[in-house]
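Asks: See structure19.txt below, with compact mmCIF, C-alpha atoms.
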# COMPACT_ATOMS: atom_id res chain seq x y z
CA MET S 1 0.00 0.00 0.00
CA HIS S 2 1.20 3.50 -0.79
CA THR S 3 2.44 5.54 2.13
CA GLU S 4 -0.05 8.32 1.26
CA ASN S 5 -2.94 5.88 1.60
CA LEU S 6 -1.65 4.57 4.88
CA THR S 7 -1.22 8.12 6.19
CA GLU S 8 -4.83 8.85 5.27
CA ILE S 9 -6.00 5.68 7.00
CA LEU S 10 -4.03 6.56 10.13
CA ARG S 11 -5.38 10.10 10.16
CA GLN S 12 -8.93 8.78 10.22
CA HIS S 13 -8.32 6.58 13.25
CA PRO S 14 -9.66 8.16 16.46
CA PHE S 15 -6.55 7.13 18.42
CA LEU S 16 -4.41 9.43 16.30
CA ALA S 17 -6.84 12.36 16.08
CA GLY S 18 -4.92 15.62 16.12
CA LEU S 19 -1.47 14.03 15.86
CA SER S 20 1.04 16.46 14.35
CA GLU S 21 2.35 15.90 10.84
CA THR S 22 5.88 15.44 12.21
CA HIS S 23 4.80 12.71 14.62
CA MET S 24 2.64 11.11 11.95
CA GLN S 25 5.70 10.76 9.76
CA VAL S 26 7.61 9.18 12.65
CA LEU S 27 4.78 6.73 13.20
CA ILE S 28 4.22 5.78 9.59
CA GLY S 29 7.65 4.23 9.29
CA CYS S 30 6.53 1.53 11.75
CA ALA S 31 3.05 0.93 10.28
CA SER S 32 1.66 -1.70 7.96
CA ASN S 33 -1.83 -2.54 6.78
CA VAL S 34 -3.10 -5.97 7.88
CA ARG S 35 -6.16 -8.21 7.54
CA PHE S 36 -7.28 -11.19 9.60
CA ALA S 37 -10.02 -13.60 8.59
CA GLU S 38 -12.63 -14.65 11.14
CA GLY S 39 -11.08 -17.13 13.56
CA ALA S 40 -7.49 -16.03 12.93
CA PRO S 41 -5.31 -15.40 16.00
CA LEU S 42 -3.67 -11.99 16.41
CA ILE S 43 -1.98 -12.41 19.77
CA HIS S 44 -0.83 -15.38 21.82
CA GLU S 45 -0.69 -15.15 25.60
CA GLY S 46 2.89 -15.30 26.93
CA GLU S 47 4.56 -14.47 23.63
CA ILE S 48 6.66 -11.38 23.06
CA ALA S 49 4.52 -8.30 22.51
CA ASN S 50 6.11 -6.65 19.52
CA LYS S 51 3.22 -4.70 18.03
CA PHE S 52 -0.15 -3.12 18.53
CA TYR S 53 -3.13 -2.68 16.25
CA LEU S 54 -5.36 0.20 15.32
CA VAL S 55 -8.59 -1.55 14.42
CA ARG S 56 -10.40 -0.25 11.32
CA ALA S 57 -13.10 -2.87 10.86
CA GLY S 58 -14.26 -6.17 12.33
CA ARG S 59 -14.19 -7.45 15.88
CA ILE S 60 -11.47 -9.01 18.02
CA ALA S 61 -12.05 -11.01 21.19
CA LEU S 62 -9.59 -11.06 24.07
CA GLU S 63 -9.41 -14.41 25.80
CA THR S 64 -7.45 -16.00 28.57
CA ASP S 65 -6.93 -19.63 29.53
CA VAL S 66 -8.32 -20.50 32.94
CA ASN S 67 -7.21 -24.08 33.35
CA ALA S 68 -10.26 -26.31 33.75
CA ARG S 69 -12.67 -23.59 32.61
CA GLY S 70 -10.93 -23.34 29.27
CA LYS S 71 -10.77 -20.11 27.31
CA ILE S 72 -12.72 -17.27 28.87
CA ARG S 73 -13.68 -14.43 26.59
CA ILE S 74 -13.18 -11.18 28.48
CA GLN S 75 -13.65 -8.31 26.13
CA THR S 76 -13.99 -7.35 22.49
CA VAL S 77 -12.48 -4.47 20.59
CA GLY S 78 -13.76 -3.09 17.32
CA PRO S 79 -13.47 -0.26 14.80
CA GLY S 80 -11.74 2.79 16.23
CA ASP S 81 -10.24 0.84 19.12
CA VAL S 82 -6.62 0.07 19.97
CA LEU S 83 -5.51 -3.48 20.61
CA GLY S 84 -2.44 -4.07 22.77
CA TRP S 85 -0.22 -1.99 24.99
CA SER S 86 2.13 -4.69 26.28
CA TRP S 87 4.65 -3.63 23.62
CA LEU S 88 5.06 -0.46 25.66
CA ILE S 89 5.62 -1.96 29.08
CA SER S 90 8.47 -4.23 30.14
CA PRO S 91 8.76 -7.26 29.97
CA TYR S 92 6.84 -6.83 26.66
CA ARG S 93 4.78 -10.02 26.79
CA TRP S 94 1.12 -10.52 25.94
CA HIS S 95 -1.20 -11.23 28.85
CA PHE S 96 -4.12 -12.39 26.71
CA ASN S 97 -4.94 -14.22 23.54
CA ALA S 98 -6.70 -12.26 20.83
CA LEU S 99 -8.54 -13.63 17.84
CA ALA S 100 -10.71 -12.20 15.10
CA VAL S 101 -14.38 -13.02 15.64
CA ALA S 102 -15.32 -11.12 12.48
CA ASP S 103 -13.03 -10.33 9.54
CA VAL S 104 -10.60 -7.67 10.72
CA ARG S 105 -8.88 -4.83 8.94
CA ALA S 106 -6.29 -2.99 10.99
CA VAL S 107 -3.03 -1.11 10.92
CA ALA S 108 -0.24 -2.93 12.75
CA LEU S 109 2.41 -0.81 14.43
CA ASP S 110 5.78 -2.40 15.09
CA GLY S 111 6.45 -2.10 18.83
CA GLU S 112 10.21 -2.43 18.73
CA CYS S 113 10.46 0.17 16.00
CA LEU S 114 8.18 2.52 17.97
CA ARG S 115 10.02 2.02 21.27
CA LYS S 116 13.24 3.06 19.57
CA LYS S 117 11.55 6.14 18.11
CA CYS S 118 10.07 6.98 21.50
CA GLU S 119 13.57 6.83 23.01
CA ASP S 120 15.06 8.93 20.23
CA ASP S 121 12.31 11.52 20.22
CA ARG S 122 11.01 12.13 23.75
CA ASP S 123 8.24 14.44 22.53
CA PHE S 124 6.96 11.65 20.34
CA GLY S 125 7.34 9.23 23.27
CA TYR S 126 5.31 11.54 25.52
CA GLU S 127 2.62 11.85 22.84
CA MET S 128 2.33 8.06 22.55
CA LEU S 129 2.29 7.56 26.31
CA SER S 130 -0.39 10.17 26.92
CA ARG S 131 -2.60 8.67 24.20
CA PHE S 132 -2.13 5.15 25.57
CA SER S 133 -2.80 6.39 29.11
CA GLN S 134 -6.24 7.55 27.98
CA VAL S 135 -6.94 4.21 26.36
CA MET S 136 -5.84 2.43 29.53
CA GLU S 137 -7.95 4.70 31.73
CA ARG S 138 -11.09 4.06 29.67
CA ARG S 139 -10.40 0.33 29.53
CA LEU S 140 -9.82 0.24 33.31
CA GLU S 141 -13.05 2.11 33.95
CA ALA S 142 -14.97 -0.30 31.72
CA THR S 143 -13.38 -3.27 33.49
CA ARG S 144 -14.32 -1.86 36.90
CA ILE S 145 -17.95 -1.49 35.82
CA GLN S 146 -17.85 -5.01 34.40
CA LEU S 147 -16.59 -6.33 37.74
CA LEU S 148 -19.57 -4.79 39.52
CA ASP S 149 -21.80 -7.41 37.92
CA LEU S 150 -24.51 -4.78 37.60
CA TYR S 151 -27.26 -7.02 36.36
CA THR S 152 -27.45 -8.97 39.60
CA THR S 153 -30.44 -7.72 41.55
CA ASP S 154 -29.64 -6.04 44.86
CA PRO S 155 -30.95 -8.03 47.84
CA GLY S 156 -33.07 -5.04 48.90
CA ALA S 157 -34.82 -4.96 45.55
CA ARG S 158 -35.91 -8.59 45.51
CA VAL S 159 -39.69 -8.68 45.46
CA MET W 1 -34.87 22.04 24.46
CA THR W 2 -37.48 22.20 27.17
CA HIS W 3 -37.62 18.86 28.86
CA GLU W 4 -40.90 17.21 29.50
CA THR W 5 -42.30 14.26 31.35
CA VAL W 6 -45.46 12.58 30.21
CA HIS W 7 -48.10 12.16 32.86
CA ALA W 8 -51.07 9.89 32.43
CA PRO W 9 -54.56 11.38 32.61
CA ALA W 10 -55.62 11.82 36.22
CA ALA W 11 -58.47 9.32 35.93
CA SER W 12 -56.14 6.44 35.21
CA ARG W 13 -54.04 7.27 38.25
CA GLU W 14 -56.84 6.47 40.66
CA GLY W 15 -55.28 3.08 40.90
CA VAL W 16 -56.10 1.67 44.29
CA ARG W 17 -58.69 -0.72 42.87
CA LEU W 18 -57.54 -4.25 42.16
CA TYR W 19 -58.82 -5.97 39.01
CA PRO W 20 -58.73 -9.73 38.41
CA VAL W 21 -57.08 -10.52 35.06
CA THR W 22 -56.38 -13.82 33.34
CA VAL W 23 -52.99 -15.11 32.28
CA LYS W 24 -53.10 -15.83 28.57
CA LYS W 25 -49.57 -17.06 27.98
CA VAL W 26 -46.23 -17.43 29.78
CA ILE W 27 -43.12 -17.01 27.65
CA TRP W 28 -39.74 -17.80 29.21
CA GLU W 29 -37.28 -15.30 27.75
CA THR W 30 -34.26 -16.60 29.72
CA ASP W 31 -33.65 -19.00 32.62
CA ASP W 32 -34.94 -16.49 35.16
CA THR W 33 -36.97 -13.99 33.17
CA PHE W 34 -40.38 -14.52 31.66
CA THR W 35 -43.15 -12.57 29.98
CA LEU W 36 -46.72 -12.84 31.20
CA GLN W 37 -49.31 -12.09 28.59
CA ILE W 38 -52.52 -11.03 30.24
CA ASP W 39 -56.08 -10.97 29.02
CA LEU W 40 -57.67 -7.85 30.49
CA GLY W 41 -61.21 -9.13 30.02
CA ALA W 42 -63.83 -6.47 30.74
CA LEU W 43 -61.10 -4.07 31.85
CA GLY W 44 -59.73 -4.10 28.31
CA ASP W 45 -62.37 -1.66 27.07
CA THR W 46 -61.13 1.15 29.27
CA PHE W 47 -57.51 0.28 30.01
CA SER W 48 -54.82 2.29 28.28
CA PHE W 49 -51.23 3.04 29.18
CA LEU W 50 -48.24 5.12 28.18
CA PRO W 51 -44.96 3.43 27.23
CA GLY W 52 -42.85 3.50 30.41
CA GLN W 53 -45.71 3.03 32.88
CA PHE W 54 -46.00 0.09 35.26
CA ASN W 55 -48.68 -2.00 36.93
CA MET W 56 -48.85 -3.59 40.34
CA LEU W 57 -49.32 -7.32 39.83
CA TYR W 58 -50.81 -9.23 42.74
CA VAL W 59 -50.29 -12.90 43.43
CA PHE W 60 -53.08 -13.90 45.75
CA GLY W 61 -51.72 -14.92 49.12
CA LEU W 62 -48.20 -13.66 48.36
CA GLY W 63 -48.33 -9.95 47.63
CA GLU W 64 -47.73 -7.34 44.97
CA ALA W 65 -44.82 -6.29 42.78
CA ALA W 66 -44.40 -3.28 40.52
CA ILE W 67 -43.77 -4.48 36.99
CA SER W 68 -43.24 -2.35 33.89
CA ILE W 69 -45.56 -2.92 30.98
CA SER W 70 -43.58 -4.36 28.08
CA SER W 71 -46.24 -4.66 25.38
CA ASP W 72 -47.49 -2.45 22.58
CA ALA W 73 -49.62 0.41 23.91
CA SER W 74 -51.70 0.39 20.73
CA GLU W 75 -53.00 -3.12 21.37
CA SER W 76 -56.21 -3.36 23.32
CA GLY W 77 -57.50 -6.10 25.54
CA THR W 78 -54.12 -7.57 26.29
CA LEU W 79 -50.94 -6.64 28.12
CA ALA W 80 -47.47 -8.08 28.61
CA HIS W 81 -45.11 -7.78 31.56
CA THR W 82 -41.56 -9.11 31.45
CA ILE W 83 -40.53 -10.20 34.92
CA HIS W 84 -37.18 -11.09 36.47
CA ARG W 85 -37.67 -13.84 39.04
CA VAL W 86 -35.78 -12.48 42.05
CA GLY W 87 -37.99 -12.67 45.14
CA THR W 88 -41.14 -14.07 46.68
CA VAL W 89 -43.75 -12.30 44.56
CA THR W 90 -41.90 -12.61 41.26
CA SER W 91 -41.28 -16.30 42.02
CA GLY W 92 -45.01 -16.61 42.64
CA LEU W 93 -45.69 -14.95 39.29
CA ALA W 94 -43.28 -17.41 37.70
CA GLN W 95 -45.52 -20.24 38.89
CA VAL W 96 -48.70 -19.03 37.24
CA LYS W 97 -50.06 -20.87 34.24
CA ARG W 98 -52.37 -20.12 31.37
CA GLY W 99 -55.87 -19.51 32.68
CA ASP W 100 -54.76 -18.51 36.18
CA VAL W 101 -56.11 -15.29 37.63
CA ILE W 102 -53.89 -12.63 39.16
CA GLY W 103 -54.67 -9.13 40.45
CA LEU W 104 -53.73 -5.96 38.62
CA ARG W 105 -53.68 -2.31 39.67
CA GLY W 106 -52.58 0.40 37.34
CA PRO W 107 -51.27 1.79 35.16
CA PHE W 108 -49.03 4.05 37.25
CA GLY W 109 -46.36 6.64 36.78
CA THR W 110 -44.98 8.74 33.99
CA GLY W 111 -44.22 7.67 30.43
CA TRP W 112 -41.36 8.24 28.01
CA PRO W 113 -41.73 11.58 26.21
CA ILE W 114 -41.87 10.18 22.72
CA THR W 115 -42.98 13.46 21.18
CA ALA W 116 -39.70 15.04 22.38
CA ALA W 117 -37.89 12.72 19.99
CA ARG W 118 -39.95 13.45 16.88
CA GLY W 119 -37.79 14.59 14.02
CA LYS W 120 -34.66 13.67 15.96
CA ASP W 121 -32.29 10.79 16.48
CA VAL W 122 -33.07 8.58 19.44
CA CYS W 123 -30.42 6.75 21.42
CA ILE W 124 -31.90 4.11 23.70
CA VAL W 125 -29.56 2.56 26.24
CA ALA W 126 -30.86 -0.45 28.15
CA GLY W 127 -29.27 -2.80 30.63
CA GLY W 128 -30.62 -6.21 31.64
CA ILE W 129 -34.34 -6.21 32.42
CA GLY W 130 -34.26 -2.46 31.66
CA LEU W 131 -35.07 -3.30 28.07
CA ALA W 132 -38.61 -4.31 29.09
CA PRO W 133 -40.00 -0.81 29.84
CA LEU W 134 -38.34 0.46 26.67
CA ARG W 135 -39.94 -2.12 24.42
CA PRO W 136 -43.25 -0.18 24.24
CA VAL W 137 -41.23 2.86 23.13
CA MET W 138 -39.75 0.82 20.30
CA TYR W 139 -43.20 -0.35 19.25
CA ALA W 140 -44.53 3.20 19.33
CA MET W 141 -41.65 4.62 17.30
CA LEU W 142 -41.66 1.81 14.76
CA GLN W 143 -45.36 2.38 14.10
CA GLU W 144 -44.43 5.79 12.73
CA ARG W 145 -40.85 5.10 11.82
CA THR W 146 -40.54 8.06 9.47
CA ALA W 147 -41.33 10.50 12.29
CA PHE W 148 -37.90 9.78 13.77
CA GLU W 149 -34.44 9.94 12.27
CA ARG W 150 -31.91 7.37 13.45
CA ILE W 151 -33.01 4.98 16.15
CA ILE W 152 -30.06 3.51 18.02
CA LEU W 153 -30.48 0.79 20.62
CA LEU W 154 -27.50 -0.05 22.82
CA TYR W 155 -28.29 -3.04 24.98
CA GLY W 156 -26.15 -4.70 27.64
CA ALA W 157 -26.87 -8.05 29.24
CA ARG W 158 -25.00 -10.18 31.70
CA SER W 159 -24.34 -13.04 29.29
CA PRO W 160 -25.59 -14.22 25.88
CA LEU W 161 -28.15 -16.40 27.68
CA ASP W 162 -29.59 -13.33 29.41
CA ILE W 163 -30.42 -11.39 26.26
CA LEU W 164 -34.11 -10.51 26.10
CA TYR W 165 -36.30 -10.40 22.99
CA ARG W 166 -33.62 -11.83 20.68
CA VAL W 167 -35.98 -12.32 17.75
CA GLU W 168 -37.31 -8.79 17.99
CA LEU W 169 -33.83 -7.28 18.30
CA GLU W 170 -32.93 -8.90 15.00
CA GLU W 171 -36.20 -7.87 13.41
CA TRP W 172 -35.82 -4.24 14.52
CA ALA W 173 -32.35 -4.13 12.97
CA LYS W 174 -33.22 -5.90 9.73
CA GLU W 175 -36.68 -4.64 8.98
CA HIS W 176 -36.93 -1.26 10.68
CA ASN W 177 -33.54 0.30 10.17
CA VAL W 178 -32.74 0.37 13.88
CA GLU W 179 -29.04 0.38 14.79
CA VAL W 180 -29.02 -2.41 17.36
CA LEU W 181 -25.78 -3.08 19.22
CA VAL W 182 -25.79 -5.75 21.91
CA THR W 183 -22.99 -6.43 24.36
CA VAL W 184 -22.58 -8.87 27.22
CA ASP W 185 -20.48 -8.67 30.37
CA ARG W 186 -19.46 -12.30 30.10
CA GLY W 187 -19.12 -14.17 26.86
CA ASP W 188 -18.01 -17.60 25.81
CA SER W 189 -16.35 -18.86 22.67
CA SER W 190 -19.68 -19.33 20.92
CA TRP W 191 -20.55 -15.64 21.31
CA LYS W 192 -19.30 -13.55 18.41
CA GLY W 193 -20.88 -10.28 19.49
CA TYR W 194 -19.50 -7.52 21.70
CA ILE W 195 -18.17 -8.21 25.18
CA GLY W 196 -17.88 -5.35 27.64
CA VAL W 197 -20.10 -2.91 29.47
CA VAL W 198 -22.81 -1.13 27.55
CA THR W 199 -20.96 2.21 27.60
CA THR W 200 -18.20 0.74 25.42
CA LEU W 201 -20.73 0.53 22.57
CA PHE W 202 -20.66 4.31 22.23
CA SER W 203 -17.28 3.87 20.49
CA TYR W 204 -19.04 2.21 17.58
CA ILE W 205 -21.73 4.78 16.89
CA LYS W 206 -21.60 8.41 15.89
CA LEU W 207 -23.99 10.64 17.80
CA ASP W 208 -25.26 13.92 16.49
CA ALA W 209 -25.38 15.40 19.98
CA ARG W 210 -27.57 18.38 19.10
CA ALA W 211 -30.24 16.28 17.47
CA THR W 212 -30.35 13.24 19.75
CA VAL W 213 -32.65 12.33 22.60
CA GLY W 214 -31.48 9.65 25.04
CA TYR W 215 -33.71 7.16 26.87
CA LEU W 216 -32.00 5.14 29.58
CA CYS W 217 -33.18 2.23 31.66
CA GLY W 218 -31.15 -0.26 33.66
CA PRO W 219 -29.17 -0.54 36.88
CA GLU W 220 -28.59 2.90 38.38
CA THR W 221 -24.80 2.62 38.22
CA MET W 222 -25.02 1.71 34.54
CA MET W 223 -27.19 4.77 33.91
CA LYS W 224 -24.74 7.04 35.75
CA TYR W 225 -21.86 5.91 33.54
CA THR W 226 -24.08 6.19 30.49
CA ILE W 227 -24.97 9.77 31.41
CA ASP W 228 -21.23 10.54 31.72
CA GLU W 229 -20.59 8.96 28.34
CA MET W 230 -23.43 10.88 26.70
CA GLY W 231 -22.06 14.06 28.30
CA ARG W 232 -18.62 13.37 26.82
CA ARG W 233 -20.29 13.11 23.46
CA GLY W 234 -22.03 16.44 23.88
CA LEU W 235 -25.59 15.47 24.79
CA ALA W 236 -27.17 18.11 26.98
CA GLU W 237 -28.75 16.84 30.18
CA ASP W 238 -32.19 18.04 29.16
CA GLN W 239 -32.05 15.68 26.19
CA ILE W 240 -31.71 12.66 28.48
CA TYR W 241 -34.56 10.77 30.17
CA LEU W 242 -34.22 7.84 32.51
CA SER W 243 -36.44 5.36 34.26
CA MET W 244 -35.71 4.86 37.94
CA GLU W 245 -36.47 1.82 40.01
CA ARG W 246 -37.33 1.44 43.69
CA ASN W 247 -39.47 -1.00 45.61
CA MET W 248 -43.02 0.26 45.45
CA LYS W 249 -45.94 -0.52 47.71
CA CYS W 250 -48.94 1.74 47.27
CA ALA W 251 -47.94 3.04 43.81
CA VAL W 252 -49.93 6.24 44.30
CA GLY W 253 -47.53 8.34 46.37
CA PHE W 254 -49.02 7.75 49.82
CA CYS W 255 -46.76 5.28 51.55
CA GLY W 256 -43.37 6.86 50.83
CA HIS W 257 -41.77 3.50 50.16
CA CYS W 258 -40.30 4.65 46.86
CA GLN W 259 -39.41 8.17 47.98
CA TYR W 260 -36.35 9.51 46.20
CA GLY W 261 -35.43 12.84 47.76
CA PRO W 262 -38.46 15.04 47.13
CA GLU W 263 -39.75 12.72 44.39
CA PHE W 264 -41.93 9.65 44.55
CA ILE W 265 -40.79 7.20 41.91
CA CYS W 266 -44.28 5.72 41.63
CA LYS W 267 -46.12 8.92 40.74
CA ASP W 268 -43.46 11.50 39.77
CA GLY W 269 -41.55 8.82 37.86
CA PRO W 270 -40.49 6.23 37.01
CA VAL W 271 -39.50 8.23 33.89
CA PHE W 272 -37.72 11.48 34.73
CA ALA W 273 -35.98 14.12 32.70
CA LEU W 274 -32.40 14.00 33.93
CA PRO W 275 -32.22 17.63 35.17
CA ARG W 276 -35.04 16.91 37.63
CA ILE W 277 -33.13 14.21 39.50
CA ARG W 278 -29.51 14.91 38.54
CA HIS W 279 -28.68 16.21 42.03
CA LEU W 280 -30.02 13.01 43.59
CA LEU W 281 -28.07 10.49 41.56
CA ASP W 282 -24.86 10.67 43.59
CA ARG W 283 -26.47 10.74 47.01
CA LYS W 284 -25.59 7.54 48.83
CA GLU W 285 -28.43 7.58 51.33
CA LEU W 286 -31.10 7.51 48.63
Could you write out this file's structure as structure tokens?
Replies:
Amino acid sequence: MHTENLTEILRQHPFLAGLSETHMQVLIGCASNVRFAEGAPLIHEGEIANKFYLVRAGRIALETDVNARGKIRIQTVGPGDVLGWSWLISPYRWHFNALAVADVRAVALDGECLRKKCEDDRDFGYEMLSRFSQVMERRLEATRIQLLDLYTTDPGARV
Amino acid sequence: MTHETVHAPAASREGVRLYPVTVKKVIWETDDTFTLQIDLGALGDTFSFLPGQFNMLYVFGLGEAAISISSDASESGTLAHTIHRVGTVTSGLAQVKRGDVIGLRGPFGTGWPITAARGKDVCIVAGGIGLAPLRPVMYAMLQERTAFERIILLYGARSPLDILYRVELEEWAKEHNVEVLVTVDRGDSSWKGYIGVVTTLFSYIKLDARATVGYLCGPETMMKYTIDEMGRRGLAEDQIYLSMERNMKCAVGFCGHCQYGPEFICKDGPVFALPRIRHLLDRKEL
């Protein structure tokens, strides 16, 4: 794919809204367009986390193995979402499995390449970290609500 | 926008009289939630309700429970209530069979302000059994589909097995141009839909904040986070309406059982414009 097309695709992704042209050019050198058919794995738990994905279309399920209970599906991500931040945090290993549950189109960003660019250009590194912090904060909030098990009726409301 | 709440005509709020009605059909929607279809008999000639209102259903010898009406308000002679079996009375209701007689008082409370959404987009956010009181709104809007712009339904359930009205959800999406997004808190490998809390679904829709009315019904915590999410997306508070839930006894504002600050959920609600109760939502003692 032409770099111009990829730049346009990246510009349209909510995660990169408002990113400066300079930083976009830094980022684009680590980006590639990818597709995954339904059922294809994107991430394997325990393996080295060397990339993240900006999802453009489709749906990806995050799963984890819980011994006797088998694979538990925890969360899905879809268009406009970001998949994966373990590439950013030592020891750079995935904590979940991820697989496409509907055909996926995404942009893959090479984690090793980006880490080096973050080290070389601290402004760029700060920009990435602040954007990922927001993703993490929203994901954490959603997980907290999920843990509340809201649809269980309160004892006081049982009639 | 001036927010409004729809009150029923005064005559239909004189609801202390109990009417015997006959169970026509029992439909199990999930393992613990069922819909009772009721034949109103002679009452059917005069009974009418607003989408969002509730009835008190009486199981003889057990007691009463406030249950939202989940059927089409334009149908006469029959009613449906979708009930989550969680306590003594609702377990009693779960035991009734076709032909059994139960008691009914109602209808009570305020309705959804459907006219406020005419010519606009509507974003309905429901959680769990909260979809039941919103179903009559869907019926009403679909009967004059062209009077509304986009209709978006974001629905969260505990698990795929807890999803209510599956067939209708599909039908609304396919045949009535409703944007239906369903998510569950807990999925398994057979579930290919969304997993996560209902607020995460906002990432997958684009809201025209100035031209959207929001209707919310579900657990209070879910509604609080939904209000925050709608606020982030620019919806003004007077464009948001929500249905509150409390245990109700008299249903006519006498007993105080459902008092919520200065409001009585049974007669001032259950449907409120958000500005009216915004200051009460974060109070722990309520």
Asks: With a cut-off of 6 Å, could you pull out the residues of chain W touching chain S and give me the nearest pair of atoms for each, distance in Å to one decimal, using all atoms listed in the file, ordered by chain and ascending number, as JSON lines?
Replies:
{"residue": "W:Val86", "atom": "CA", "partner": "S:Arg158", "partner_atom": "CA", "distance": 5.2}
{"residue": "W:Gly87", "atom": "CA", "partner": "S:Val159", "partner_atom": "CA", "distance": 4.3}
{"residue": "W:Thr88", "atom": "CA", "partner": "S:Val159", "partner_atom": "CA", "distance": 5.7}
{"residue": "W:Val89", "atom": "CA", "partner": "S:Val159", "partner_atom": "CA", "distance": 5.5}
{"residue": "W:Gly128", "atom": "CA", "partner": "S:Tyr151", "partner_atom": "CA", "distance": 5.9}
{"residue": "W:Gly187", "atom": "CA", "partner": "S:Arg73", "partner_atom": "CA", "distance": 5.5}
{"residue": "W:Asp188", "atom": "CA", "partner": "S:Arg73", "partner_atom": "CA", "distance": 5.4}
{"residue": "W:Lys192", "atom": "CA", "partner": "S:Val101", "partner_atom": "CA", "distance": 5.7}
{"residue": "W:Tyr194", "atom": "CA", "partner": "S:Thr76", "partner_atom": "CA", "distance": 5.6}
{"residue": "W:Ile195", "atom": "CA", "partner": "S:Gln75", "partner_atom": "CA", "distance": 4.6}
{"residue": "W:Gly196", "atom": "CA", "partner": "S:Gln75", "partner_atom": "CA", "distance": 5.4}
{"residue": "W:Val197", "atom": "CA", "partner": "S:Gln146", "partner_atom": "CA", "distance": 5.8}
Asks: May I ask which of the residues W:Leu161, W:Ile152, W:Leu281, W:Ile114 is the closest one to Gly52 in chain W, counting all atoms listed in the file?
Replies: W:Ile114
Asks: Using all atoms listed in the file, which of W:Trp191, W:Tyr155, W:Tyr241, W:Tyr215 sits nearest Glu179 in chain W?
Replies: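 Of all the options, W:Tyr155 lies closest to Glu179 in chain W.
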Asks: Of the residues W:Asp45, W:Glu75, W:Asp39, W:Glu29, which is the one nearest to Arg166 in chain W, using only C-alpha atoms?
Replies: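 Closest candidate: W:Glu29.
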Asks: Extending 6 Å beyond the listed atoms of range 25-43 of chain W on each side, what axis-aligned box results? I want centre and edge lengths in Å to one decimal, as AutoDock Vina command-line options.
Replies:
--center_x -48.7 --center_y -11.5 --center_z 31.4 --size_x 42.2 --size_y 26.9 --size_z 19.5
Asks: If we count only C-alpha atoms and set the cut-off at 9 Å, which residues sit around Asn97 in chain S, ignoring sequence neighbours fewer than 2 positions away in its own chain? Please answer as a ChimeraX atom specification.
Replies: /S:41-46,61-65,94-95,99
Asks: Would you save the residues of that selection, restricted to C-alpha atoms, as a PDB file, in the coordinates of the input?
Replies:
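Saved the output as part19.pdb:
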ATOM      1  CA  PRO S  41      -5.310 -15.400  16.000  1.00  0.00           C
ATOM      2  CA  LEU S  42      -3.670 -11.990  16.410  1.00  0.00           C
ATOM      3  CA  ILE S  43      -1.980 -12.410  19.770  1.00  0.00           C
ATOM      4  CA  HIS S  44      -0.830 -15.380  21.820  1.00  0.00           C
ATOM      5  CA  GLU S  45      -0.690 -15.150  25.600  1.00  0.00           C
ATOM      6  CA  GLY S  46       2.890 -15.300  26.930  1.00  0.00           C
ATOM      7  CA  ALA S  61     -12.050 -11.010  21.190  1.00  0.00           C
ATOM      8  CA  LEU S  62      -9.590 -11.060  24.070  1.00  0.00           C
ATOM      9  CA  GLU S  63      -9.410 -14.410  25.800  1.00  0.00           C
ATOM     10  CA  THR S  64      -7.450 -16.000  28.570  1.00  0.00           C
ATOM     11  CA  ASP S  65      -6.930 -19.630  29.530  1.00  0.00           C
ATOM     12  CA  TRP S  94       1.120 -10.520  25.940  1.00  0.00           C
ATOM     13  CA  HIS S  95      -1.200 -11.230  28.850  1.00  0.00           C
ATOM     14  CA  LEU S  99      -8.540 -13.630  17.840  1.00  0.00           C
TER      15      LEU S  99
END
Asks: Within 10 Å of Gly156 in chain W, counting all atoms listed in the file, which residues show up once you throw out same-chain ones fewer than 4 positions away? Write them as a compact mmCIF listing (two decimals) with C-alpha atoms, in the frame of the given file, please.
Replies:
# COMPACT_ATOMS: atom_id res chain seq x y z
CA TYR S 151 -27.26 -7.02 36.36
CA VAL W 125 -29.56 2.56 26.24
CA ALA W 126 -30.86 -0.45 28.15
CA GLY W 127 -29.27 -2.80 30.63
CA GLY W 128 -30.62 -6.21 31.64
CA ILE W 129 -34.34 -6.21 32.42
CA GLY W 130 -34.26 -2.46 31.66
CA LEU W 131 -35.07 -3.30 28.07
CA PRO W 160 -25.59 -14.22 25.88
CA ASP W 162 -29.59 -13.33 29.41
CA ILE W 163 -30.42 -11.39 26.26
CA LEU W 164 -34.11 -10.51 26.10
CA LEU W 181 -25.78 -3.08 19.22
CA VAL W 182 -25.79 -5.75 21.91
CA THR W 183 -22.99 -6.43 24.36
CA VAL W 184 -22.58 -8.87 27.22
CA ASP W 185 -20.48 -8.67 30.37
CA TYR W 194 -19.50 -7.52 21.70
CA ILE W 195 -18.17 -8.21 25.18
CA GLY W 196 -17.88 -5.35 27.64
CA VAL W 197 -20.10 -2.91 29.47
CA VAL W 198 -22.81 -1.13 27.55
CA THR W 199 -20.96 2.21 27.60
CA THR W 200 -18.20 0.74 25.42
CA LEU W 201 -20.73 0.53 22.57
CA GLY W 218 -31.15 -0.26 33.66
CA MET W 222 -25.02 1.71 34.54
Asks: Kindly give the distance, in Å, that separates CA of Lys249 in chain W and CA of Phe60 in chain W, rounded to a single decimal.
Replies: 15.3 Å
Asks: Could you tell me how far CA of Glu119 in chain S sits from CA of Glu8 in chain S, in Å to one decimal place?
Replies: 25.6 Å
Asks: Return the single residue from W:Lys267, W:Lys284, W:Arg105, W:Lys206 that is closest to Met56 in chain W, with distances computed using only C-alpha atoms.
Replies: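 So, comparing all the options, the nearest one is W:Arg105.
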